>>> print(open('final00.pdb').read())   # PDB, C-alpha atoms
ATOM      1  CA  MET A   4       0.000   0.000   0.000
ATOM      2  CA  SER A   5       2.816   2.397   0.889
ATOM      3  CA  ARG A   6       4.204   2.186  -2.622
ATOM      4  CA  LYS A   7       0.864   3.284  -4.112
ATOM      5  CA  ILE A   8       0.835   6.227  -1.693
ATOM      6  CA  THR A   9       4.352   7.104  -2.883
ATOM      7  CA  VAL A  10       3.182   7.077  -6.522
ATOM      8  CA  LEU A  11       0.143   9.245  -5.762
ATOM      9  CA  GLY A  12       2.236  11.548  -3.578
ATOM     10  CA  VAL A  13       4.962  12.109  -6.184
ATOM     11  CA  TYR A  14       2.630  12.894  -9.088
ATOM     12  CA  GLY A  15       0.142  14.692  -6.834
ATOM     13  CA  ALA A  16       2.866  16.957  -5.389
ATOM     14  CA  TYR A  17       4.040  17.947  -8.869
ATOM     15  CA  ALA A  18       0.482  18.636 -10.046
ATOM     16  CA  ALA A  19      -0.168  20.627  -6.854
ATOM     17  CA  ILE A  20       2.910  22.862  -7.208
ATOM     18  CA  VAL A  21       2.163  23.547 -10.898
ATOM     19  CA  SER A  22      -1.475  24.336 -10.055
ATOM     20  CA  PHE A  23      -0.401  26.617  -7.212
ATOM     21  CA  VAL A  24       2.021  28.565  -9.394
ATOM     22  CA  PHE A  25      -0.178  28.988 -12.470
ATOM     23  CA  LEU A  26      -3.783  28.760 -11.307
ATOM     24  CA  PHE A  27      -3.793  30.107  -7.758
ATOM     25  CA  GLY A  28      -1.566  33.151  -8.079
ATOM     26  CA  GLY A  29       1.685  31.619  -6.797
ATOM     27  CA  LYS A  30       3.612  33.124  -9.697
ATOM     28  CA  GLN A  31       2.873  36.645  -8.485
ATOM     29  CA  LEU A  32       4.101  35.821  -4.982
ATOM     30  CA  MET A  33       7.515  34.570  -6.079
ATOM     31  CA  LEU A  34      10.599  36.162  -7.568
ATOM     32  CA  PRO A  35      11.173  35.423 -11.297
ATOM     33  CA  ALA A  36      12.648  31.966 -12.019
ATOM     34  CA  ILE A  37      11.906  30.729  -8.481
ATOM     35  CA  PRO A  38       8.993  28.608  -9.758
ATOM     36  CA  ALA A  39      11.289  27.010 -12.377
ATOM     37  CA  ALA A  40      13.748  26.004  -9.648
ATOM     38  CA  LEU A  41      10.876  24.725  -7.525
ATOM     39  CA  PHE A  42       9.589  22.491 -10.366
ATOM     40  CA  GLY A  43      13.074  21.039 -10.777
ATOM     41  CA  ILE A  44      13.431  20.348  -7.055
ATOM     42  CA  VAL A  45       9.999  18.671  -6.824
ATOM     43  CA  ALA A  46      10.675  16.578  -9.953
ATOM     44  CA  TRP A  47      14.111  15.430  -8.735
ATOM     45  CA  THR A  48      12.692  14.642  -5.283
ATOM     46  CA  GLY A  49       9.983  12.580  -6.989
ATOM     47  CA  VAL A  50      12.548  10.631  -9.001
ATOM     48  CA  TRP A  51      14.598  10.068  -5.822
ATOM     49  CA  LEU A  52      11.526   8.807  -3.914
ATOM     50  CA  ILE A  53      10.575   6.383  -6.689
ATOM     51  CA  HIS A  54      14.215   5.295  -6.992
ATOM     52  CA  SER A  55      14.257   4.524  -3.272
ATOM     53  CA  HIS A  56      11.903   1.602  -3.984
ATOM     54  CA  LYS A  57      14.985  -0.169  -5.255
ATOM     55  CA  SER A  58      13.469  -3.556  -6.031
ATOM     56  CA  TYR A  59      10.854  -1.963  -8.316
ATOM     57  CA  TRP A  60      13.374   0.397  -9.913
ATOM     58  CA  ARG A  61      15.548  -2.648 -10.657
ATOM     59  CA  LEU A  62      12.589  -4.552 -12.123
ATOM     60  CA  ALA A  63      11.821  -1.705 -14.503
ATOM     61  CA  ASN A  64      15.368  -0.815 -15.507
ATOM     62  CA  ALA A  65      17.794  -3.708 -14.971
ATOM     63  CA  PRO A  66      19.123  -5.662 -17.981
ATOM     64  CA  ALA A  67      16.863  -8.616 -18.872
ATOM     65  CA  ARG A  68      19.594 -11.157 -17.992
ATOM     66  CA  GLU A  69      19.304 -10.154 -14.323
ATOM     67  CA  LEU A  70      15.562 -10.959 -14.189
ATOM     68  CA  ASP A  71      13.665 -14.225 -14.239
ATOM     69  CA  GLU A  72      11.068 -15.113 -16.870
ATOM     70  CA  ARG A  73       8.089 -13.864 -14.841
ATOM     71  CA  GLU A  74       9.762 -10.561 -14.020
ATOM     72  CA  VAL A  75      10.688  -9.954 -17.670
ATOM     73  CA  GLN A  76       7.082 -10.626 -18.692
ATOM     74  CA  ALA A  77       5.729  -8.255 -16.026
ATOM     75  CA  ARG A  78       8.251  -5.591 -17.038
ATOM     76  CA  LEU A  79       7.351  -5.790 -20.741
ATOM     77  CA  SER A  80       3.680  -5.515 -19.899
ATOM     78  CA  ALA A  81       4.400  -2.490 -17.669
ATOM     79  CA  TYR A  82       6.232  -0.753 -20.520
ATOM     80  CA  TRP A  83       3.196  -1.285 -22.779
ATOM     81  CA  THR A  84       0.993   0.398 -20.162
ATOM     82  CA  ALA A  85       3.546   3.162 -19.512
ATOM     83  CA  TYR A  86       3.881   3.912 -23.222
ATOM     84  CA  SER A  87       0.136   4.203 -23.714
ATOM     85  CA  LEU A  88      -0.264   6.353 -20.595
ATOM     86  CA  PHE A  89       2.647   8.652 -21.446
ATOM     87  CA  VAL A  90       1.549   9.327 -25.025
ATOM     88  CA  THR A  91      -2.025   9.938 -23.891
ATOM     89  CA  ILE A  92      -1.112  12.260 -21.001
ATOM     90  CA  VAL A  93       1.458  14.312 -22.931
ATOM     91  CA  PHE A  94      -0.560  14.771 -26.099
ATOM     92  CA  VAL A  95      -3.880  15.422 -24.394
ATOM     93  CA  GLY A  96      -1.980  17.911 -22.235
ATOM     94  CA  LEU A  97      -0.410  19.588 -25.273
ATOM     95  CA  LEU A  98      -3.773  19.768 -27.013
ATOM     96  CA  ALA A  99      -5.336  21.372 -23.941
ATOM     97  CA  LEU A 100      -2.395  23.759 -23.709
ATOM     98  CA  SER A 101      -2.691  24.679 -27.368
ATOM     99  CA  PHE A 102      -6.415  25.456 -27.076
ATOM    100  CA  GLY A 103      -5.880  27.178 -23.730
ATOM    101  CA  SER A 104      -3.115  29.442 -25.032
ATOM    102  CA  ASP A 105      -5.240  30.341 -28.089
ATOM    103  CA  MET A 106      -8.242  31.178 -25.920
ATOM    104  CA  LEU A 107      -6.168  33.189 -23.426
ATOM    105  CA  ARG A 108      -4.173  34.773 -26.307
ATOM    106  CA  ILE A 109      -0.812  33.799 -24.849
ATOM    107  CA  LYS A 110       1.869  34.705 -27.390
ATOM    108  CA  THR A 111       5.094  33.969 -25.550
ATOM    109  CA  TRP A 112       6.339  31.401 -23.067
ATOM    110  CA  ASP A 113       8.573  32.377 -20.177
ATOM    111  CA  VAL A 114      11.145  30.184 -18.458
ATOM    112  CA  ASN A 115       8.626  29.106 -15.796
ATOM    113  CA  ASP A 116       6.092  27.866 -18.363
ATOM    114  CA  VAL A 117       8.727  25.857 -20.249
ATOM    115  CA  SER A 118      10.174  24.499 -17.004
ATOM    116  CA  ALA A 119       6.797  23.251 -15.765
ATOM    117  CA  LEU A 120       6.359  21.216 -18.956
ATOM    118  CA  VAL A 121       9.915  19.978 -19.301
ATOM    119  CA  TRP A 122      10.272  18.921 -15.652
ATOM    120  CA  GLY A 123       6.861  17.258 -15.855
ATOM    121  CA  VAL A 124       7.895  15.259 -18.906
ATOM    122  CA  PHE A 125      11.225  14.452 -17.197
ATOM    123  CA  LEU A 126       9.471  13.160 -14.070
ATOM    124  CA  LEU A 127       6.867  11.136 -15.971
ATOM    125  CA  GLY A 128       9.275   9.745 -18.560
ATOM    126  CA  LEU A 129      11.867   8.642 -16.045
ATOM    127  CA  THR A 130       9.508   7.116 -13.493
ATOM    128  CA  LEU A 131       6.419   5.877 -15.325
ATOM    129  CA  PRO A 132       7.567   2.293 -16.065
ATOM    130  CA  THR A 133       8.646   1.911 -12.420
ATOM    131  CA  THR A 134       5.460   3.426 -11.025
ATOM    132  CA  VAL A 135       3.298   1.190 -13.247
ATOM    133  CA  MET A 136       5.135  -1.794 -11.755
ATOM    134  CA  MET A 137       4.771  -0.366  -8.239
ATOM    135  CA  TRP A 138       1.030  -0.026  -8.843
ATOM    136  CA  THR A 139       0.351  -3.378 -10.484
ATOM    137  CA  TYR A 140       3.021  -5.886  -9.496
ATOM    138  CA  ASP A 141       3.641  -7.595  -6.160
ATOM    139  CA  ILE A 142       7.184  -8.720  -5.594
ATOM    140  CA  GLN A 143       6.998 -12.171  -4.029
ATOM    141  CA  PRO A 144       9.421 -12.918  -1.213
ATOM    142  CA  VAL A 145      12.122 -15.408  -2.245
ATOM    143  CA  GLU A 146      11.604 -18.837  -0.706
ATOM    144  CA  ASP A 147      14.478 -21.112   0.167
ATOM    145  CA  GLU A 148      14.316 -24.386  -1.688
ATOM    146  CA  ALA A 149      16.608 -26.182   0.733
TER     147      ALA A 149
ATOM    148  CA  MET B  12      -4.782 -16.427 -31.574
ATOM    149  CA  SER B  13      -7.588 -16.893 -29.122
ATOM    150  CA  THR B  14     -11.224 -16.095 -29.894
ATOM    151  CA  SER B  15     -12.514 -12.521 -30.021
ATOM    152  CA  LYS B  16     -15.209 -11.189 -27.688
ATOM    153  CA  SER B  17     -16.956  -8.119 -29.032
ATOM    154  CA  LYS B  18     -18.118  -7.449 -32.592
ATOM    155  CA  TYR B  19     -15.511  -4.724 -32.960
ATOM    156  CA  GLU B  20     -12.753  -7.052 -31.808
ATOM    157  CA  SER B  21     -13.919  -9.771 -34.228
ATOM    158  CA  TRP B  22     -13.994  -7.250 -37.054
ATOM    159  CA  LEU B  23     -10.526  -5.945 -36.131
ATOM    160  CA  HIS B  24      -9.140  -9.467 -35.953
ATOM    161  CA  ARG B  25     -10.618 -10.351 -39.362
ATOM    162  CA  SER B  26      -9.399  -7.120 -40.965
ATOM    163  CA  MET B  27      -5.874  -7.505 -39.660
ATOM    164  CA  ASN B  28      -5.670 -11.050 -40.989
ATOM    165  CA  ASP B  29      -7.366 -10.292 -44.311
ATOM    166  CA  PRO B  30      -5.632 -12.191 -47.159
ATOM    167  CA  ALA B  31      -5.948  -8.991 -49.246
ATOM    168  CA  LEU B  32      -3.163  -7.560 -47.066
ATOM    169  CA  SER B  33      -0.773 -10.469 -47.702
ATOM    170  CA  TRP B  34       1.179  -8.280 -50.162
ATOM    171  CA  ALA B  35       2.395  -6.304 -47.134
ATOM    172  CA  HIS B  36       3.661  -9.295 -45.140
ATOM    173  CA  PRO B  37       7.188  -9.760 -46.628
ATOM    174  CA  GLN B  38       9.851  -7.988 -44.603
ATOM    175  CA  SER B  39      11.150  -6.049 -47.634
ATOM    176  CA  VAL B  40       7.691  -4.544 -48.215
ATOM    177  CA  ARG B  41       7.240  -3.794 -44.516
ATOM    178  CA  ARG B  42      10.545  -1.926 -44.432
ATOM    179  CA  LYS B  43       9.511   0.220 -47.398
ATOM    180  CA  LEU B  44       6.275   1.047 -45.583
ATOM    181  CA  VAL B  45       8.274   2.012 -42.475
ATOM    182  CA  ILE B  46      10.487   4.363 -44.509
ATOM    183  CA  ALA B  47       7.406   5.907 -46.114
ATOM    184  CA  MET B  48       5.763   6.381 -42.714
ATOM    185  CA  ILE B  49       8.840   8.147 -41.291
ATOM    186  CA  ALA B  50       9.215  10.284 -44.426
ATOM    187  CA  LEU B  51       5.564  11.389 -44.431
ATOM    188  CA  PRO B  52       5.542  13.548 -41.256
ATOM    189  CA  LEU B  53       9.039  14.857 -42.009
ATOM    190  CA  CYS B  54       7.938  15.974 -45.510
ATOM    191  CA  PHE B  55       4.805  17.475 -43.953
ATOM    192  CA  THR B  56       6.922  19.523 -41.528
ATOM    193  CA  ALA B  57       9.268  20.627 -44.323
ATOM    194  CA  ALA B  58       6.277  21.661 -46.442
ATOM    195  CA  MET B  59       4.830  23.646 -43.534
ATOM    196  CA  TRP B  60       8.193  25.346 -43.130
ATOM    197  CA  PHE B  61       8.922  26.317 -46.734
ATOM    198  CA  LEU B  62       5.376  26.782 -48.078
ATOM    199  CA  PRO B  63       3.242  27.433 -45.001
ATOM    200  CA  SER B  64      -0.364  26.460 -45.675
ATOM    201  CA  ILE B  65      -3.012  24.706 -43.628
ATOM    202  CA  TRP B  66      -3.968  22.754 -46.782
ATOM    203  CA  TRP B  67      -0.945  20.466 -46.353
ATOM    204  CA  PHE B  68      -3.094  18.587 -43.831
ATOM    205  CA  ALA B  69      -5.163  17.194 -46.724
ATOM    206  CA  PRO B  70      -2.361  15.176 -48.411
ATOM    207  CA  LEU B  71      -1.027  14.231 -44.964
ATOM    208  CA  LEU B  72      -4.311  12.611 -43.987
ATOM    209  CA  VAL B  73      -4.973  11.128 -47.428
ATOM    210  CA  LEU B  74      -1.592   9.369 -47.332
ATOM    211  CA  PHE B  75      -1.518   8.622 -43.600
ATOM    212  CA  VAL B  76      -4.715   6.569 -43.397
ATOM    213  CA  PRO B  77      -3.887   3.900 -46.032
ATOM    214  CA  LEU B  78      -0.226   3.833 -45.005
ATOM    215  CA  MET B  79      -1.060   3.216 -41.346
ATOM    216  CA  GLY B  80      -3.659   0.617 -42.317
ATOM    217  CA  SER B  81      -1.125  -1.216 -44.477
ATOM    218  CA  LEU B  82       1.486  -1.102 -41.712
ATOM    219  CA  ASN B  83      -0.981  -2.493 -39.188
ATOM    220  CA  GLY B  84      -2.027  -5.191 -41.628
ATOM    221  CA  SER B  85       1.606  -6.020 -42.409
ATOM    222  CA  ILE B  86       2.166  -7.088 -38.786
ATOM    223  CA  ARG B  87      -1.326  -8.610 -38.508
ATOM    224  CA  GLY B  88      -2.453  -5.961 -36.041
ATOM    225  CA  LEU B  89      -0.040  -6.941 -33.282
ATOM    226  CA  THR B  90      -0.187  -3.456 -31.758
ATOM    227  CA  GLU B  91      -3.927  -2.999 -32.317
ATOM    228  CA  LEU B  92      -5.462  -6.297 -31.182
ATOM    229  CA  ARG B  93      -6.396  -6.800 -27.550
ATOM    230  CA  GLN B  94      -4.142  -8.849 -25.276
ATOM    231  CA  HIS B  95      -6.615 -11.753 -25.129
ATOM    232  CA  GLN B  96      -6.586 -11.973 -28.937
ATOM    233  CA  LEU B  97      -2.854 -12.609 -28.971
ATOM    234  CA  ASP B  98      -1.073 -15.790 -27.985
ATOM    235  CA  GLU B  99       1.726 -15.710 -25.420
ATOM    236  CA  ARG B 100       4.527 -15.263 -27.970
ATOM    237  CA  GLU B 101       2.695 -12.515 -29.848
ATOM    238  CA  GLY B 102       1.901 -10.673 -26.617
ATOM    239  CA  ARG B 103       5.525 -10.845 -25.598
ATOM    240  CA  THR B 104       6.745  -9.627 -28.992
ATOM    241  CA  ARG B 105       4.288  -6.722 -28.848
ATOM    242  CA  ASP B 106       5.284  -5.688 -25.319
ATOM    243  CA  ALA B 107       9.004  -5.902 -26.202
ATOM    244  CA  ALA B 108       8.431  -3.463 -29.093
ATOM    245  CA  PHE B 109       6.760  -1.009 -26.708
ATOM    246  CA  ARG B 110       9.759  -1.278 -24.366
ATOM    247  CA  LYS B 111      12.202  -0.645 -27.239
ATOM    248  CA  ALA B 112      10.145   2.352 -28.324
ATOM    249  CA  PHE B 113       9.801   3.919 -24.861
ATOM    250  CA  TRP B 114      13.064   5.906 -24.586
ATOM    251  CA  PRO B 115      13.145   7.056 -28.250
ATOM    252  CA  MET B 116       9.535   8.185 -27.775
ATOM    253  CA  ILE B 117      10.562  10.272 -24.739
ATOM    254  CA  ALA B 118      13.457  11.777 -26.736
ATOM    255  CA  ILE B 119      11.211  12.709 -29.679
ATOM    256  CA  GLY B 120       8.560  14.054 -27.306
ATOM    257  CA  VAL B 121      11.024  16.279 -25.416
ATOM    258  CA  ALA B 122      12.666  17.508 -28.653
ATOM    259  CA  GLY B 123       9.214  18.270 -30.101
ATOM    260  CA  LEU B 124       8.249  20.118 -26.920
ATOM    261  CA  PHE B 125      11.383  22.291 -27.018
ATOM    262  CA  LEU B 126      10.808  23.157 -30.678
ATOM    263  CA  LEU B 127       7.103  23.869 -30.125
ATOM    264  CA  MET B 128       7.912  26.368 -27.380
ATOM    265  CA  LYS B 129      10.744  28.051 -29.279
ATOM    266  CA  PRO B 130       9.797  31.689 -29.798
ATOM    267  CA  GLY B 131       9.406  33.111 -33.294
ATOM    268  CA  LEU B 132       8.065  30.031 -35.078
ATOM    269  CA  SER B 133       5.042  30.369 -37.339
ATOM    270  CA  VAL B 134       1.758  28.673 -36.414
ATOM    271  CA  GLU B 135       2.087  26.426 -39.497
ATOM    272  CA  LEU B 136       5.580  25.256 -38.536
ATOM    273  CA  ARG B 137       4.420  24.604 -34.971
ATOM    274  CA  ALA B 138       1.571  22.508 -36.352
ATOM    275  CA  GLY B 139       4.033  20.626 -38.569
ATOM    276  CA  ILE B 140       6.403  19.886 -35.686
ATOM    277  CA  GLY B 141       3.551  18.917 -33.372
ATOM    278  CA  PHE B 142       1.946  16.517 -35.838
ATOM    279  CA  ALA B 143       5.297  14.997 -36.873
ATOM    280  CA  ALA B 144       6.172  14.299 -33.222
ATOM    281  CA  PHE B 145       2.665  12.963 -32.596
ATOM    282  CA  ILE B 146       2.679  10.607 -35.593
ATOM    283  CA  LEU B 147       6.206   9.315 -34.940
ATOM    284  CA  THR B 148       5.632   8.641 -31.242
ATOM    285  CA  MET B 149       2.203   7.072 -31.769
ATOM    286  CA  THR B 150       3.391   4.739 -34.508
ATOM    287  CA  MET B 151       6.863   3.869 -33.222
ATOM    288  CA  PRO B 152       6.058   0.413 -31.751
ATOM    289  CA  THR B 153       4.317  -0.527 -35.031
ATOM    290  CA  LEU B 154       7.321   0.759 -37.004
ATOM    291  CA  ILE B 155       9.736  -1.247 -34.841
ATOM    292  CA  LEU B 156       7.710  -4.443 -35.307
ATOM    293  CA  ALA B 157       7.255  -3.907 -39.051
ATOM    294  CA  TRP B 158      11.001  -3.338 -39.453
ATOM    295  CA  SER B 159      12.237  -6.175 -37.266
ATOM    296  CA  LEU B 160       9.809  -9.094 -37.509
ATOM    297  CA  PRO B 161      11.252 -11.900 -39.643
ATOM    298  CA  ASP B 162       9.495 -13.226 -42.734
ATOM    299  CA  ASP B 163       6.917 -15.970 -42.186
ATOM    300  CA  VAL B 164       8.327 -19.483 -42.371
ATOM    301  CA  LYS B 165       6.449 -21.378 -45.086
ATOM    302  CA  ASP B 166       5.580 -25.044 -44.616
ATOM    303  CA  GLU B 167       7.463 -27.261 -47.043
ATOM    304  CA  ASP B 168       5.418 -30.377 -47.812
TER     305      ASP B 168
END
>>> encode(input="final00.pdb", output="structure tokens")
Amino acid sequence: MSRKITVLGVYGAYAAIVSFVFLFGGKQLMLPAIPAALFGIVAWTGVWLIHSHKSYWRLANAPARELDEREVQARLSAYWTAYSLFVTIVFVGLLALSFGSDMLRIKTWDVNDVSALVWGVFLLGLTLPTTVMMWTYDIQPVEDEA
Amino acid sequence: MSTSKSKYESWLHRSMNDPALSWAHPQSVRRKLVIAMIALPLCFTAAMWFLPSIWWFAPLLVLFVPLMGSLNGSIRGLTELRQHQLDEREGRTRDAAFRKAFWPMIAIGVAGLFLLMKPGLSVELRAGIGFAAFILTMTMPTLILAWSLPDDVKDED
């Protein structure tokens, strides 16, 4: 259960900080470029938290020769899910952004806008296969065969 | 392949295994289709750059639909059919293609994002870059399978 809370917490924290900065007036409260630094710190902290679930990080990223048959199968399936999720989230997001910027007549992007997107893509891209495994796969304890 | 469940899935399964698409099954044909599918969005972006016009979407769509259909048919719908319609080996091959495509997809997505947000680009060029990145990332697992799957082994009686 704790690993699902970690997943929700990491993505939820990033969504919350972006919402705070852009939707709830946080940008006006901060010095220029502070939000960009904040996005980077939250994204890196998220990657570090997901990475701290070492057995799942290994499952998602280790070379196939280090995994058994069942783990390889679960990993491949997780990448299929991660791919579909990533493409959907990023392109639906871009579409919404495109319509939003047209409707709000936004002509230029500042460093904070670009940072929010790039750090978001960084966080999702780097962690999504691992978080899909954390959400869907139970690592069974190794039993001695002696 | 196991049996289909819904009408749509049955139709998809039949379409993807239609003998009329057997011309696309040899690896040499599949590779030509892959090259055409990569060239299409790149030409579209170049056209939007040099001769900006929203009308370039018409040839893009006219060429994209049959090309994508042929590519899907050439791999018998491995990336389109549901998991329960694939046998264990096919499911594994499909998932492995998605894993191979994951990091290149991220790279193309990030590069596309940077270019889209670059100041001073025309709306047409932005549209070209956006659609090229979209098409390449959406189709990449299909392209990888179409390029890499070996030719069918024929029974020799």
>>> interface_residues(input="final00.pdb", of="chain B", to="chain A", cutoff="12 Å", atoms="all atoms listed in the file", output="ChimeraX atom specification")
/B:90-91,94,99-100,102-134,137-138,141-142,144-152
>>> residues_around(input="final00.pdb", residues="Thr133 in chain A", least_positions_apart="6", cutoff="8 Å", atoms="only C-alpha atoms", output="list in words")
Ile53, Tyr59, Trp60, Leu62, Ala63 and Asn64 of chain A
>>> atom_distance(input="final00.pdb", atom1="CA of Ala69 in chain B", atom2="CA of Val45 in chain B")
20.7 Å
>>> residues_around(input="final00.pdb", residues="range 29-37 of chain B", least_positions_apart="6", cutoff="12 Å", atoms="only C-alpha atoms", output="PDB file with C-alpha atoms, in the coordinates of the input")
ATOM      1  CA  TRP B  22     -13.994  -7.250 -37.054  1.00  0.00           C
ATOM      2  CA  LEU B  23     -10.526  -5.945 -36.131  1.00  0.00           C
ATOM      3  CA  LYS B  43       9.511   0.220 -47.398  1.00  0.00           C
ATOM      4  CA  LEU B  44       6.275   1.047 -45.583  1.00  0.00           C
ATOM      5  CA  VAL B  45       8.274   2.012 -42.475  1.00  0.00           C
ATOM      6  CA  PRO B  77      -3.887   3.900 -46.032  1.00  0.00           C
ATOM      7  CA  LEU B  78      -0.226   3.833 -45.005  1.00  0.00           C
ATOM      8  CA  MET B  79      -1.060   3.216 -41.346  1.00  0.00           C
ATOM      9  CA  GLY B  80      -3.659   0.617 -42.317  1.00  0.00           C
ATOM     10  CA  SER B  81      -1.125  -1.216 -44.477  1.00  0.00           C
ATOM     11  CA  LEU B  82       1.486  -1.102 -41.712  1.00  0.00           C
ATOM     12  CA  ASN B  83      -0.981  -2.493 -39.188  1.00  0.00           C
ATOM     13  CA  GLY B  84      -2.027  -5.191 -41.628  1.00  0.00           C
ATOM     14  CA  SER B  85       1.606  -6.020 -42.409  1.00  0.00           C
ATOM     15  CA  ILE B  86       2.166  -7.088 -38.786  1.00  0.00           C
ATOM     16  CA  ARG B  87      -1.326  -8.610 -38.508  1.00  0.00           C
ATOM     17  CA  GLY B  88      -2.453  -5.961 -36.041  1.00  0.00           C
ATOM     18  CA  LEU B 156       7.710  -4.443 -35.307  1.00  0.00           C
ATOM     19  CA  ALA B 157       7.255  -3.907 -39.051  1.00  0.00           C
ATOM     20  CA  TRP B 158      11.001  -3.338 -39.453  1.00  0.00           C
ATOM     21  CA  SER B 159      12.237  -6.175 -37.266  1.00  0.00           C
ATOM     22  CA  LEU B 160       9.809  -9.094 -37.509  1.00  0.00           C
ATOM     23  CA  PRO B 161      11.252 -11.900 -39.643  1.00  0.00           C
ATOM     24  CA  ASP B 162       9.495 -13.226 -42.734  1.00  0.00           C
ATOM     25  CA  ASP B 163       6.917 -15.970 -42.186  1.00  0.00           C
ATOM     26  CA  VAL B 164       8.327 -19.483 -42.371  1.00  0.00           C
ATOM     27  CA  LYS B 165       6.449 -21.378 -45.086  1.00  0.00           C
TER      28      LYS B 165
END
>>> resolve_selection(input="final00.pdb", expression="the PyMOL selection byres ((chain A and resi 28-42) around 8)", output="PDB file with C-alpha atoms, in the frame of the given file")
ATOM      1  CA  TYR A  17       4.040  17.947  -8.869  1.00  0.00           C
ATOM      2  CA  ILE A  20       2.910  22.862  -7.208  1.00  0.00           C
ATOM      3  CA  VAL A  21       2.163  23.547 -10.898  1.00  0.00           C
ATOM      4  CA  PHE A  23      -0.401  26.617  -7.212  1.00  0.00           C
ATOM      5  CA  VAL A  24       2.021  28.565  -9.394  1.00  0.00           C
ATOM      6  CA  PHE A  25      -0.178  28.988 -12.470  1.00  0.00           C
ATOM      7  CA  LEU A  26      -3.783  28.760 -11.307  1.00  0.00           C
ATOM      8  CA  PHE A  27      -3.793  30.107  -7.758  1.00  0.00           C
ATOM      9  CA  GLY A  43      13.074  21.039 -10.777  1.00  0.00           C
ATOM     10  CA  ILE A  44      13.431  20.348  -7.055  1.00  0.00           C
ATOM     11  CA  VAL A  45       9.999  18.671  -6.824  1.00  0.00           C
ATOM     12  CA  ALA A  46      10.675  16.578  -9.953  1.00  0.00           C
ATOM     13  CA  VAL A 114      11.145  30.184 -18.458  1.00  0.00           C
ATOM     14  CA  ASN A 115       8.626  29.106 -15.796  1.00  0.00           C
ATOM     15  CA  ASP A 116       6.092  27.866 -18.363  1.00  0.00           C
ATOM     16  CA  SER A 118      10.174  24.499 -17.004  1.00  0.00           C
ATOM     17  CA  ALA A 119       6.797  23.251 -15.765  1.00  0.00           C
ATOM     18  CA  TRP A 122      10.272  18.921 -15.652  1.00  0.00           C
TER      19      TRP A 122
END
>>> atom_distance(input="final00.pdb", atom1="CA of Val13 in chain A", atom2="CA of Leu126 in chain A")
9.1 Å
>>> resolve_selection(input="final00.pdb", expression="the PyMOL selection byres ((chain B and resi 24) around 8)", output="NGL selection string")
:B and (15 or 20-23 or 25-28 or 88 or 92 or 96)
>>> atom_distance(input="final00.pdb", atom1="CA of Phe75 in chain B", atom2="CA of Ala50 in chain B")
10.9 Å
>>> build_atoms(input="final00.pdb", residues="range 12-21 of chain A", atoms="N, CA, C and O atoms", output="PDB file, in the coordinates of the input")
ATOM      1  N   GLY A  12       1.607  10.390  -4.198  1.00  0.00           N
ATOM      2  CA  GLY A  12       2.236  11.548  -3.578  1.00  0.00           C
ATOM      3  C   GLY A  12       3.170  12.270  -4.539  1.00  0.00           C
ATOM      4  O   GLY A  12       3.141  13.502  -4.634  1.00  0.00           O
ATOM      5  N   VAL A  13       3.978  11.501  -5.271  1.00  0.00           N
ATOM      6  CA  VAL A  13       4.962  12.109  -6.184  1.00  0.00           C
ATOM      7  C   VAL A  13       4.248  12.875  -7.303  1.00  0.00           C
ATOM      8  O   VAL A  13       4.522  14.057  -7.545  1.00  0.00           O
ATOM      9  N   TYR A  14       3.311  12.221  -7.976  1.00  0.00           N
ATOM     10  CA  TYR A  14       2.630  12.894  -9.088  1.00  0.00           C
ATOM     11  C   TYR A  14       1.688  13.988  -8.571  1.00  0.00           C
ATOM     12  O   TYR A  14       1.547  15.044  -9.175  1.00  0.00           O
ATOM     13  N   GLY A  15       1.058  13.711  -7.425  1.00  0.00           N
ATOM     14  CA  GLY A  15       0.142  14.692  -6.834  1.00  0.00           C
ATOM     15  C   GLY A  15       0.886  15.956  -6.415  1.00  0.00           C
ATOM     16  O   GLY A  15       0.399  17.075  -6.617  1.00  0.00           O
ATOM     17  N   ALA A  16       2.094  15.788  -5.846  1.00  0.00           N
ATOM     18  CA  ALA A  16       2.866  16.957  -5.389  1.00  0.00           C
ATOM     19  C   ALA A  16       3.252  17.819  -6.588  1.00  0.00           C
ATOM     20  O   ALA A  16       3.176  19.048  -6.525  1.00  0.00           O
ATOM     21  N   TYR A  17       3.642  17.166  -7.687  1.00  0.00           N
ATOM     22  CA  TYR A  17       4.040  17.947  -8.869  1.00  0.00           C
ATOM     23  C   TYR A  17       2.829  18.706  -9.430  1.00  0.00           C
ATOM     24  O   TYR A  17       2.928  19.902  -9.739  1.00  0.00           O
ATOM     25  N   ALA A  18       1.702  17.984  -9.535  1.00  0.00           N
ATOM     26  CA  ALA A  18       0.482  18.636 -10.046  1.00  0.00           C
ATOM     27  C   ALA A  18       0.080  19.791  -9.126  1.00  0.00           C
ATOM     28  O   ALA A  18      -0.340  20.857  -9.593  1.00  0.00           O
ATOM     29  N   ALA A  19       0.240  19.596  -7.817  1.00  0.00           N
ATOM     30  CA  ALA A  19      -0.168  20.627  -6.854  1.00  0.00           C
ATOM     31  C   ALA A  19       0.708  21.871  -6.996  1.00  0.00           C
ATOM     32  O   ALA A  19       0.187  22.990  -6.987  1.00  0.00           O
ATOM     33  N   ILE A  20       2.029  21.686  -7.144  1.00  0.00           N
ATOM     34  CA  ILE A  20       2.910  22.862  -7.208  1.00  0.00           C
ATOM     35  C   ILE A  20       2.682  23.630  -8.522  1.00  0.00           C
ATOM     36  O   ILE A  20       2.674  24.863  -8.540  1.00  0.00           O
ATOM     37  N   VAL A  21       2.440  22.871  -9.622  1.00  0.00           N
ATOM     38  CA  VAL A  21       2.163  23.547 -10.898  1.00  0.00           C
ATOM     39  C   VAL A  21       0.835  24.312 -10.810  1.00  0.00           C
ATOM     40  O   VAL A  21       0.739  25.461 -11.247  1.00  0.00           O
TER      41      VAL A  21
END
